$ cat start_8.txt   # compact mmCIF, C-alpha atoms
# COMPACT_ATOMS: atom_id res chain seq x y z
CA MET J 1 100.15 119.07 -34.02
CA LYS J 2 98.03 121.54 -35.90
CA ARG J 3 96.43 124.26 -33.83
CA GLY J 4 93.43 126.13 -35.07
CA ALA J 5 90.71 128.38 -33.78
CA MET J 6 88.16 126.58 -31.60
CA ASP J 7 84.67 127.43 -30.50
CA SER J 8 84.71 127.45 -26.68
CA ARG J 9 81.16 126.07 -26.64
CA GLN J 10 82.23 122.91 -28.52
CA GLU J 11 82.91 119.87 -26.35
CA LEU J 12 86.27 118.33 -27.02
CA PRO J 13 86.75 114.59 -27.44
CA PRO J 14 88.06 112.79 -24.36
CA HIS J 15 91.53 111.52 -23.57
CA TYR J 16 93.76 114.49 -23.22
CA LYS J 17 97.22 113.40 -22.20
CA VAL J 18 98.90 115.18 -19.33
CA VAL J 19 102.61 114.59 -18.94
CA CYS J 20 103.59 114.77 -15.31
CA SER J 21 107.22 115.75 -14.83
CA TRP J 22 108.58 115.66 -11.31
CA ARG J 23 111.94 117.36 -11.05
CA ASN J 24 114.59 118.77 -8.75
CA GLY J 25 114.50 116.06 -6.15
CA MET J 26 110.88 116.62 -5.15
CA ARG J 27 109.17 113.44 -3.96
CA ALA J 28 105.78 112.77 -5.52
CA ALA J 29 102.96 112.49 -3.00
CA GLY J 30 100.02 110.05 -3.06
CA ALA J 31 99.59 106.33 -2.60
CA GLY J 32 100.03 104.01 -5.54
CA ARG J 33 102.11 106.41 -7.62
CA ARG J 34 105.46 105.22 -8.89
CA ARG J 35 108.46 106.97 -7.40
CA CYS J 36 109.48 109.83 -9.65
CA LEU J 37 113.05 110.12 -8.51
CA ALA J 38 115.63 107.38 -8.40
CA GLU J 39 118.58 108.09 -6.19
CA ILE J 40 121.71 106.80 -7.77
CA ARG J 41 124.65 106.87 -5.46
CA GLY J 42 128.16 106.77 -6.77
CA ALA J 43 127.20 107.60 -10.37
CA ARG J 44 128.92 110.97 -10.59
CA VAL J 45 132.59 111.23 -9.78
CA ARG J 46 133.48 114.77 -8.72
CA ARG J 47 137.12 114.24 -8.19
CA ALA J 48 139.56 111.44 -7.60
CA ARG J 49 142.32 111.42 -5.10
CA ARG J 50 145.12 109.00 -4.90
CA GLY J 51 145.16 106.89 -1.76
CA ARG J 52 148.19 106.84 0.41
CA LEU J 53 149.22 105.44 3.74
CA GLY J 54 147.93 107.39 6.67
CA ALA J 55 144.94 108.72 4.74
CA PRO J 56 142.21 110.20 6.93
CA SER J 57 139.49 107.80 8.08
CA ILE J 58 136.94 109.76 6.03
CA TRP J 59 138.24 107.91 2.96
CA ALA J 60 138.17 104.46 4.54
CA ASP J 61 134.82 103.38 3.08
CA ARG J 62 135.10 105.12 -0.31
CA PRO J 63 134.95 102.98 -3.49
CA ILE J 64 138.23 102.23 -5.26
CA ASP J 65 138.62 102.73 -9.00
CA ARG J 66 140.69 100.53 -11.30
CA ALA J 67 143.74 102.66 -10.62
CA GLY J 68 143.42 101.95 -6.93
CA SER J 69 142.44 105.54 -6.07
CA LYS J 70 139.76 106.51 -3.57
CA VAL J 71 136.95 108.45 -5.26
CA MET J 72 134.44 111.02 -3.96
CA THR J 73 130.85 110.06 -4.81
CA ASP J 74 127.66 112.10 -4.95
CA GLU J 75 123.95 111.74 -5.74
CA ILE J 76 122.23 112.40 -9.03
CA TYR J 77 118.52 112.43 -9.79
CA VAL J 78 116.79 110.84 -12.74
CA LYS J 79 113.59 112.45 -14.05
CA MET J 80 110.81 109.92 -14.59
CA VAL J 81 107.85 110.79 -16.82
CA LYS J 82 104.35 109.40 -16.45
CA GLU J 83 101.44 110.05 -18.78
CA VAL J 84 97.88 110.30 -17.49
CA ALA J 85 94.87 110.55 -19.83
CA LEU J 86 92.13 112.93 -18.70
CA ASP J 87 88.57 113.32 -19.98
CA VAL J 88 88.01 117.07 -20.19
CA LYS J 89 85.87 119.75 -21.82
CA CYS J 90 87.03 122.89 -23.54
CA THR J 91 85.15 124.91 -20.90
CA ASP J 92 87.04 123.29 -18.02
CA THR J 93 89.29 125.65 -16.12
CA VAL J 94 92.89 124.95 -15.26
CA ASP J 95 91.86 124.69 -11.62
CA GLN J 96 89.38 121.95 -12.55
CA ILE J 97 92.12 120.08 -14.41
CA LYS J 98 94.28 120.25 -11.30
CA SER J 99 91.40 118.80 -9.30
CA LYS J 100 91.17 115.86 -11.73
CA ILE J 101 94.91 115.23 -11.42
CA SER J 102 94.66 115.45 -7.66
CA SER J 103 91.86 112.85 -7.53
CA ILE J 104 93.81 110.45 -9.76
CA GLU J 105 97.39 110.95 -8.63
CA GLY J 106 96.94 112.37 -5.13
CA ILE J 107 99.01 115.47 -5.86
CA GLU J 108 97.70 118.50 -4.01
CA LYS J 109 96.54 121.30 -6.27
CA SER J 110 98.84 123.80 -4.60
CA GLN J 111 101.81 121.68 -5.69
CA GLN J 112 100.80 121.55 -9.36
CA VAL J 113 102.15 123.90 -12.01
CA LEU J 114 100.83 123.32 -15.53
CA PHE J 115 102.46 124.43 -18.79
CA PHE J 116 101.37 124.17 -22.40
CA GLY J 117 103.56 125.26 -25.27
CA GLY J 118 105.92 126.91 -22.81
CA ASN J 119 103.14 129.03 -21.29
CA HIS J 120 102.15 128.82 -17.63
CA LEU J 121 98.47 127.97 -17.27
CA GLU J 122 96.57 130.18 -14.84
CA ASN J 123 93.97 128.62 -12.56
CA ASN J 124 91.00 130.75 -13.62
CA ARG J 125 91.55 130.35 -17.38
CA ARG J 126 89.82 127.74 -19.56
CA LEU J 127 91.45 125.16 -21.82
CA ALA J 128 89.91 126.92 -24.80
CA ASP J 129 91.72 130.11 -23.84
CA TYR J 130 95.03 128.36 -24.49
CA ASN J 131 93.80 126.58 -27.67
CA ILE J 132 94.42 123.18 -26.09
CA MET J 133 93.06 120.57 -28.51
CA THR J 134 92.42 116.84 -28.33
CA ASN J 135 95.47 114.66 -27.63
CA SER J 136 97.46 117.70 -26.61
CA SER J 137 100.19 117.18 -24.04
CA VAL J 138 100.18 119.42 -21.01
CA ASP J 139 103.27 119.42 -18.82
CA LEU J 140 102.80 119.08 -15.08
CA TYR J 141 105.58 120.13 -12.73
CA VAL J 142 105.23 119.17 -9.10
CA THR J 143 106.51 121.77 -6.66
CA ASP J 144 106.74 121.71 -2.89
CA GLY J 145 104.39 124.69 -2.61
CA ILE J 146 101.79 124.72 0.17
CA GLN J 147 99.30 127.25 1.46
CA MET J 148 98.82 127.69 5.19
CA SER J 149 96.79 129.94 7.43
CA VAL J 150 98.46 131.67 10.37
CA SER J 151 96.40 132.78 13.35
CA ILE J 152 97.67 135.61 15.58
CA PRO J 153 95.18 135.68 18.49
CA SER J 154 96.81 138.57 20.35
CA VAL J 155 95.99 140.97 17.50
CA GLY J 156 92.95 139.13 16.12
CA LYS J 157 94.50 138.44 12.71
CA ILE J 158 94.46 135.44 10.38
CA ILE J 159 96.78 135.63 7.38
CA LYS J 160 97.31 133.31 4.43
CA LEU J 161 100.83 132.37 3.36
CA ASN J 162 102.06 130.64 0.20
CA LEU J 163 105.06 128.63 1.31
CA LYS J 164 107.34 125.79 0.29
CA LYS J 165 108.02 122.68 2.28
CA SER J 166 111.72 123.38 1.84
CA GLN J 167 111.44 126.70 3.71
CA SER J 168 112.55 126.96 7.32
CA VAL J 169 110.45 128.02 10.28
CA ALA J 170 112.58 131.18 10.41
CA ASP J 171 111.55 131.95 6.81
CA VAL J 172 107.88 131.65 7.80
CA LYS J 173 108.41 134.05 10.70
CA ALA J 174 109.95 136.56 8.29
CA GLU J 175 106.82 136.39 6.10
CA ILE J 176 104.59 136.78 9.16
CA GLU J 177 106.56 139.88 10.13
CA GLN J 178 106.05 141.31 6.64
CA LYS J 179 102.33 140.57 6.41
CA GLY J 180 101.25 140.59 10.06
CA GLY J 181 103.56 143.25 11.48
CA ILE J 182 104.79 141.04 14.34
CA PRO J 183 108.59 141.36 14.78
CA LEU J 184 110.35 138.12 13.94
CA ASP J 185 112.13 137.84 17.30
CA GLU J 186 108.82 138.25 19.18
CA GLN J 187 107.12 135.26 17.52
CA ILE J 188 106.64 131.78 18.93
CA LEU J 189 105.29 129.61 16.12
CA MET J 190 103.06 126.72 17.24
CA TYR J 191 101.62 123.70 15.45
CA GLY J 192 99.68 120.92 17.11
CA GLY J 193 100.51 122.30 20.54
CA GLN J 194 104.26 122.13 19.87
CA GLN J 195 106.69 125.02 19.40
CA LEU J 196 108.46 124.94 16.02
CA GLU J 197 112.22 125.47 16.06
CA ASP J 198 113.62 128.14 13.75
CA HIS J 199 116.20 125.91 12.04
CA LYS J 200 113.78 123.16 11.01
CA ILE J 201 112.22 123.04 7.55
CA LEU J 202 108.47 122.71 7.18
CA SER J 203 108.58 119.16 5.81
CA GLN J 204 110.42 118.07 8.97
CA CYS J 205 107.61 119.54 11.07
CA GLY J 206 104.97 117.42 9.34
CA LEU J 207 103.34 120.47 7.76
CA SER J 208 101.41 120.24 4.52
CA ASN J 209 98.87 122.17 2.53
CA GLY J 210 95.93 123.58 4.48
CA HIS J 211 97.44 123.21 7.93
CA ALA J 212 97.00 126.05 10.40
CA LEU J 213 99.75 127.64 12.50
CA HIS J 214 99.38 129.79 15.60
CA VAL J 215 101.63 132.65 16.64
CA LEU J 216 102.18 133.54 20.26
CA VAL J 217 103.56 137.04 20.66
CA CYS J 218 106.33 137.14 23.23
CA PRO J 219 107.94 140.60 23.35
CA THR J 220 111.69 140.59 23.80
CA GLY J 221 111.10 142.99 26.68
CA LYS J 222 113.92 145.40 25.90
CA LEU J 223 112.79 149.03 25.95
CA HIS J 224 114.59 152.35 25.91
CA ILE J 225 112.54 155.15 27.47
CA SER J 226 113.20 158.77 28.37
CA VAL J 227 111.90 160.44 31.52
CA ASN J 228 111.43 164.21 31.54
CA VAL J 229 111.98 165.31 35.13
CA ASP J 230 109.86 168.35 36.00
CA GLY J 231 110.47 169.76 32.52
CA GLU J 232 114.08 170.53 33.45
CA ARG J 233 116.16 167.51 32.44
CA THR J 234 115.83 164.13 30.79
CA VAL J 235 116.85 160.77 32.22
CA ASN J 236 117.37 157.87 29.77
CA LEU J 237 116.59 154.38 31.00
CA ASP J 238 117.00 150.85 29.60
CA VAL J 239 114.16 148.78 31.00
CA LYS J 240 112.12 145.64 30.37
CA SER J 241 108.51 145.59 29.27
CA TRP J 242 107.62 143.49 32.31
CA TYR J 243 109.02 146.06 34.77
CA THR J 244 106.36 147.72 36.89
CA VAL J 245 106.04 151.47 37.17
CA ALA J 246 107.28 151.10 40.76
CA ASP J 247 110.47 149.43 39.43
CA VAL J 248 111.10 152.40 37.15
CA LYS J 249 110.62 154.81 40.04
CA LEU J 250 113.24 152.95 42.07
CA MET J 251 115.68 153.26 39.15
CA ILE J 252 115.04 157.02 39.03
CA GLU J 253 115.53 157.28 42.80
CA THR J 254 118.91 155.57 42.44
CA LEU J 255 119.99 157.85 39.58
CA GLU J 256 118.44 161.15 40.63
CA GLY J 257 117.98 160.87 44.38
CA LEU J 258 114.25 161.59 44.13
CA PRO J 259 112.28 159.47 46.62
CA ALA J 260 110.21 156.89 44.75
CA ARG J 261 107.17 157.57 46.97
CA SER J 262 107.09 161.20 45.86
CA GLN J 263 107.37 160.46 42.13
CA ILE J 264 104.41 160.72 39.78
CA LEU J 265 105.01 159.20 36.33
CA MET J 266 102.71 160.32 33.55
CA ARG J 267 102.37 159.78 29.84
CA THR J 268 100.80 162.20 27.42
CA GLN J 269 98.48 160.67 24.88
CA TYR J 270 96.04 162.33 22.52
CA GLY J 271 96.58 165.66 24.27
CA SER J 272 95.74 164.43 27.77
CA ALA J 273 98.01 163.30 30.60
CA GLU J 274 97.53 159.89 32.21
CA THR J 275 99.06 158.92 35.55
CA LEU J 276 100.75 155.51 35.49
CA LYS J 277 99.85 153.04 38.24
CA ASP J 278 102.70 151.68 40.36
CA THR J 279 101.49 148.07 40.27
CA GLU J 280 101.06 147.88 36.48
CA THR J 281 103.77 146.73 34.08
CA LEU J 282 105.04 148.98 31.29
CA GLN J 283 103.55 146.57 28.78
CA ASN J 284 100.11 146.79 30.38
CA GLN J 285 100.41 150.58 30.36
CA HIS J 286 101.18 150.39 26.60
CA ILE J 287 104.66 151.90 27.00
CA ARG J 288 106.67 151.33 23.82
CA ASN J 289 110.28 151.61 22.83
CA ASN J 290 111.59 155.21 22.73
CA ASP J 291 108.52 156.61 24.54
CA THR J 292 108.98 159.69 26.74
CA LEU J 293 107.39 159.84 30.18
CA MET J 294 106.86 162.91 32.35
CA LEU J 295 107.99 162.80 35.97
CA TYR J 296 106.51 165.12 38.57
CA GLN J 297 106.83 165.00 42.32
CA SER J 298 104.27 164.80 45.03
CA ILE J 299 104.96 167.54 47.59
CA GLN J 300 103.52 168.46 50.95
CA PHE J 301 103.51 172.16 51.80
CA PHE J 302 101.60 174.54 54.07
CA ILE J 303 99.23 177.40 53.31
CA LYS J 304 99.44 180.14 55.94
CA THR J 305 96.43 182.45 56.05
CA HIS J 306 96.43 186.17 56.91
CA GLU J 307 94.93 185.15 60.22
CA GLY J 308 97.89 182.88 61.01
CA ARG J 309 96.03 179.64 60.37
CA ALA J 310 97.95 176.84 58.59
CA LEU J 311 96.56 174.36 56.08
CA THR J 312 98.43 171.24 54.98
CA MET J 313 98.36 170.72 51.22
CA LEU J 314 99.36 167.58 49.31
CA MET J 315 99.82 168.51 45.65
CA ARG J 316 101.88 167.67 42.58
CA THR J 317 104.59 169.88 41.11
CA CYS J 318 102.61 169.86 37.86
CA ASP J 319 99.51 171.27 39.59
CA THR J 320 98.70 174.89 38.80
CA VAL J 321 98.20 177.87 41.09
CA ASP J 322 94.51 177.76 40.09
CA GLU J 323 94.18 174.24 41.49
CA VAL J 324 95.86 175.26 44.76
CA MET J 325 93.48 178.21 45.15
CA GLU J 326 90.47 175.96 44.53
CA LYS J 327 91.53 173.78 47.44
CA VAL J 328 92.11 176.85 49.63
CA GLU J 329 88.62 178.16 48.86
CA GLU J 330 87.12 174.76 49.71
CA ARG J 331 88.65 174.89 53.18
CA LEU J 332 88.53 178.62 54.04
CA PRO J 333 85.66 181.12 54.03
CA ILE J 334 87.42 183.24 51.44
CA LYS J 335 86.28 184.35 48.00
CA ALA J 336 88.27 184.31 44.78
CA GLY J 337 89.66 187.65 43.73
CA VAL J 338 90.23 189.07 47.20
CA TYR J 339 93.53 187.29 47.81
CA TYR J 340 96.64 186.00 46.12
CA LEU J 341 99.35 183.44 46.92
CA HIS J 342 102.85 184.49 47.82
CA TYR J 343 106.00 182.33 47.99
CA GLU J 344 109.56 183.40 48.77
CA GLY J 345 109.08 187.00 47.66
CA ARG J 346 107.09 186.17 44.49
CA VAL J 347 103.41 186.34 43.62
CA LEU J 348 102.10 183.05 42.20
CA CYS J 349 100.32 183.83 38.95
CA LEU J 350 97.26 181.95 37.72
CA GLY J 351 98.02 179.27 35.13
CA ASP J 352 101.59 178.67 36.34
CA THR J 353 102.63 175.36 37.92
CA LEU J 354 104.14 174.91 41.36
CA GLN J 355 107.24 173.60 39.59
CA LYS J 356 107.80 177.00 37.95
CA TYR J 357 108.18 178.59 41.39
CA LYS J 358 110.09 175.60 42.77
CA VAL J 359 107.71 175.15 45.67
CA ALA J 360 109.61 172.70 47.86
CA ASN J 361 108.49 169.92 50.14
CA ASN J 362 107.48 171.15 53.64
CA SER J 363 107.70 174.82 52.56
CA THR J 364 105.10 177.54 53.31
CA VAL J 365 102.97 179.55 50.88
CA ASP J 366 101.28 182.69 52.22
CA VAL J 367 97.73 183.85 51.56
CA ARG J 368 97.64 187.66 51.28
CA LEU J 369 94.68 189.95 50.85
CA ARG J 370 94.68 192.27 47.90
CA ASN J 371 94.68 195.45 50.07
CA SER J 372 97.88 194.29 51.81
CA HIS J 373 101.43 194.99 50.68
CA VAL J 374 102.21 193.15 47.46
CA VAL J 375 105.70 192.00 46.61
CA SER J 376 106.22 192.11 42.86
CA SER J 377 107.12 188.94 41.05

$ encode --input "start_8.txt" --output "structure tokens"
Amino acid sequence: MKRGAMDSRQELPPHYKVVCSWRNGMRAAGAGRRRCLAEIRGARVRRARRGRLGAPSIWADRPIDRAGSKVMTDEIYVKMVKEVALDVKCTDTVDQIKSKISSIEGIEKSQQVLFFGGNHLENNRRLADYNIMTNSSVDLYVTDGIQMSVSIPSVGKIIKLNLKKSQSVADVKAEIEQKGGIPLDEQILMYGGQQLEDHKILSQCGLSNGHALHVLVCPTGKLHISVNVDGERTVNLDVKSWYTVADVKLMIETLEGLPARSQILMRTQYGSAETLKDTETLQNQHIRNNDTLMLYQSIQFFIKTHEGRALTMLMRTCDTVDEVMEKVEERLPIKAGVYYLHYEGRVLCLGDTLQKYKVANNSTVDVRLRNSHVVSS
């Protein structure tokens, strides 16, 4: 066929022929279309084995050749070709051609791959771009390709996936992990209200082009966290995301002997410390794998004034001397700057935490006036 330059504005005569070639065992879709594959059983002989007495039952129903030997049979596929004439214009795009084929043959556009002269035809290109003239033959290969949308409500995402019906559900989850960032083992893939099993292929699940899937995110729950105890040591814990903060405190009590009721678990985020609530789960508190938590203790101690009066204080080991003095000044008629705090022979300096001086539960901190005897720190 002679090919020459063509004005894209010129309308081509009708009756282009499109040769539809279905290959590789793919079943053609659409009512009224002839079957494109004929399964021929027993046509290819892989190997022949001689029969003998006591042969395994697997050979019992095998065909017998002229020599009396049992033969192994297999399937082969025969490619059938069908020609369809299309009325087109030179300005038609490849996508429009696919739409025509779809309306006639019932083959979804996503399953069509067109070639002309060995070149793959792109959807947005026109026939004139490929110099396709009247009575040209365009090859159509039917694939099992489908496009599906995947909704992930928990993160508010909808992603598009180009898939094949021959892919497994596990393959789809791998693509969702790549594009949606949801770990494969945390996905539950749903279609039509039913959970899809990893080992099944998409065609077995009744999925086709344009269908929508939903992903439920179900964390595996395994977390490894570190707990920094009063800035002195680190405790490593293997926990579950559905553990509550109270559960973690009980684990620390078992390992470290620190009463759970006195523990204060905190996480540092964006430069500020947040106290974790006992009744909340680690997942609800946004604790992730390999996070580090800070553990401080709640302590009760006594402030003894220069007059012999005692105040009961309930503080945290992470609280500073400044915060203790603020509470003292709220409860005593004493002004800042005229006194200091003294504990076990040391002066408590502003800015330091109670943990630095190891202020213990039920211990006593003295209030001393500045004109009294000062014990150096």

$ atom_distance --input "start_8.txt" --atom1 "atom CA of J:Asn289" --atom2 "atom CA of J:Ser241"
9.0 Å

$ residues_around --input "start_8.txt" --residues "J:Met313" --least-positions-apart "3" --cutoff "9 Å" --atoms "all atoms listed in the file" --output "ChimeraX atom specification"
/J:299-303,324,327-328

$ closest_residue --input "start_8.txt" --among "J:Met325, J:Leu314, J:Leu140, J:Leu295" --to "J:Val94" --atoms "only C-alpha atoms"
J:Leu140

$ atom_distance --input "start_8.txt" --atom1 "atom CA of J:Val150" --atom2 "atom CA of J:Asn290"
29.7 Å

$ atom_distance --input "start_8.txt" --atom1 "atom CA of J:Gln355" --atom2 "atom CA of J:Tyr343"
12.2 Å

$ axis_aligned_box --input "start_8.txt" --around "stretch 164-174 of chain J" --padding-each-side "8 Å" --output "JSON"
{"center_x": 110.0, "center_y": 129.6, "center_z": 5.5, "size_x": 21.2, "size_y": 29.9, "size_z": 26.4}

$ residues_near_point --input "start_8.txt" --point "(105.4, 128.6, -20.0)" --cutoff "12 Å" --atoms "only C-alpha atoms" --output "number ranges by chain"
J: 113-122, 130, 138-141

$ residues_near_point --input "start_8.txt" --point "(94.7, 128.9, 3.4)" --cutoff "6 Å" --atoms "all atoms listed in the file" --output "count of residues only"
5

$ closest_residue --input "start_8.txt" --among "J:Cys218, J:Ile158, J:Val359, J:Ile264" --to "J:Pro183" --atoms "all atoms listed in the file"
J:Cys218

$ closest_residue --input "start_8.txt" --among "J:Val367, J:Ile104, J:Val172, J:Leu127" --to "J:Leu332" --atoms "all atoms listed in the file"
J:Val367
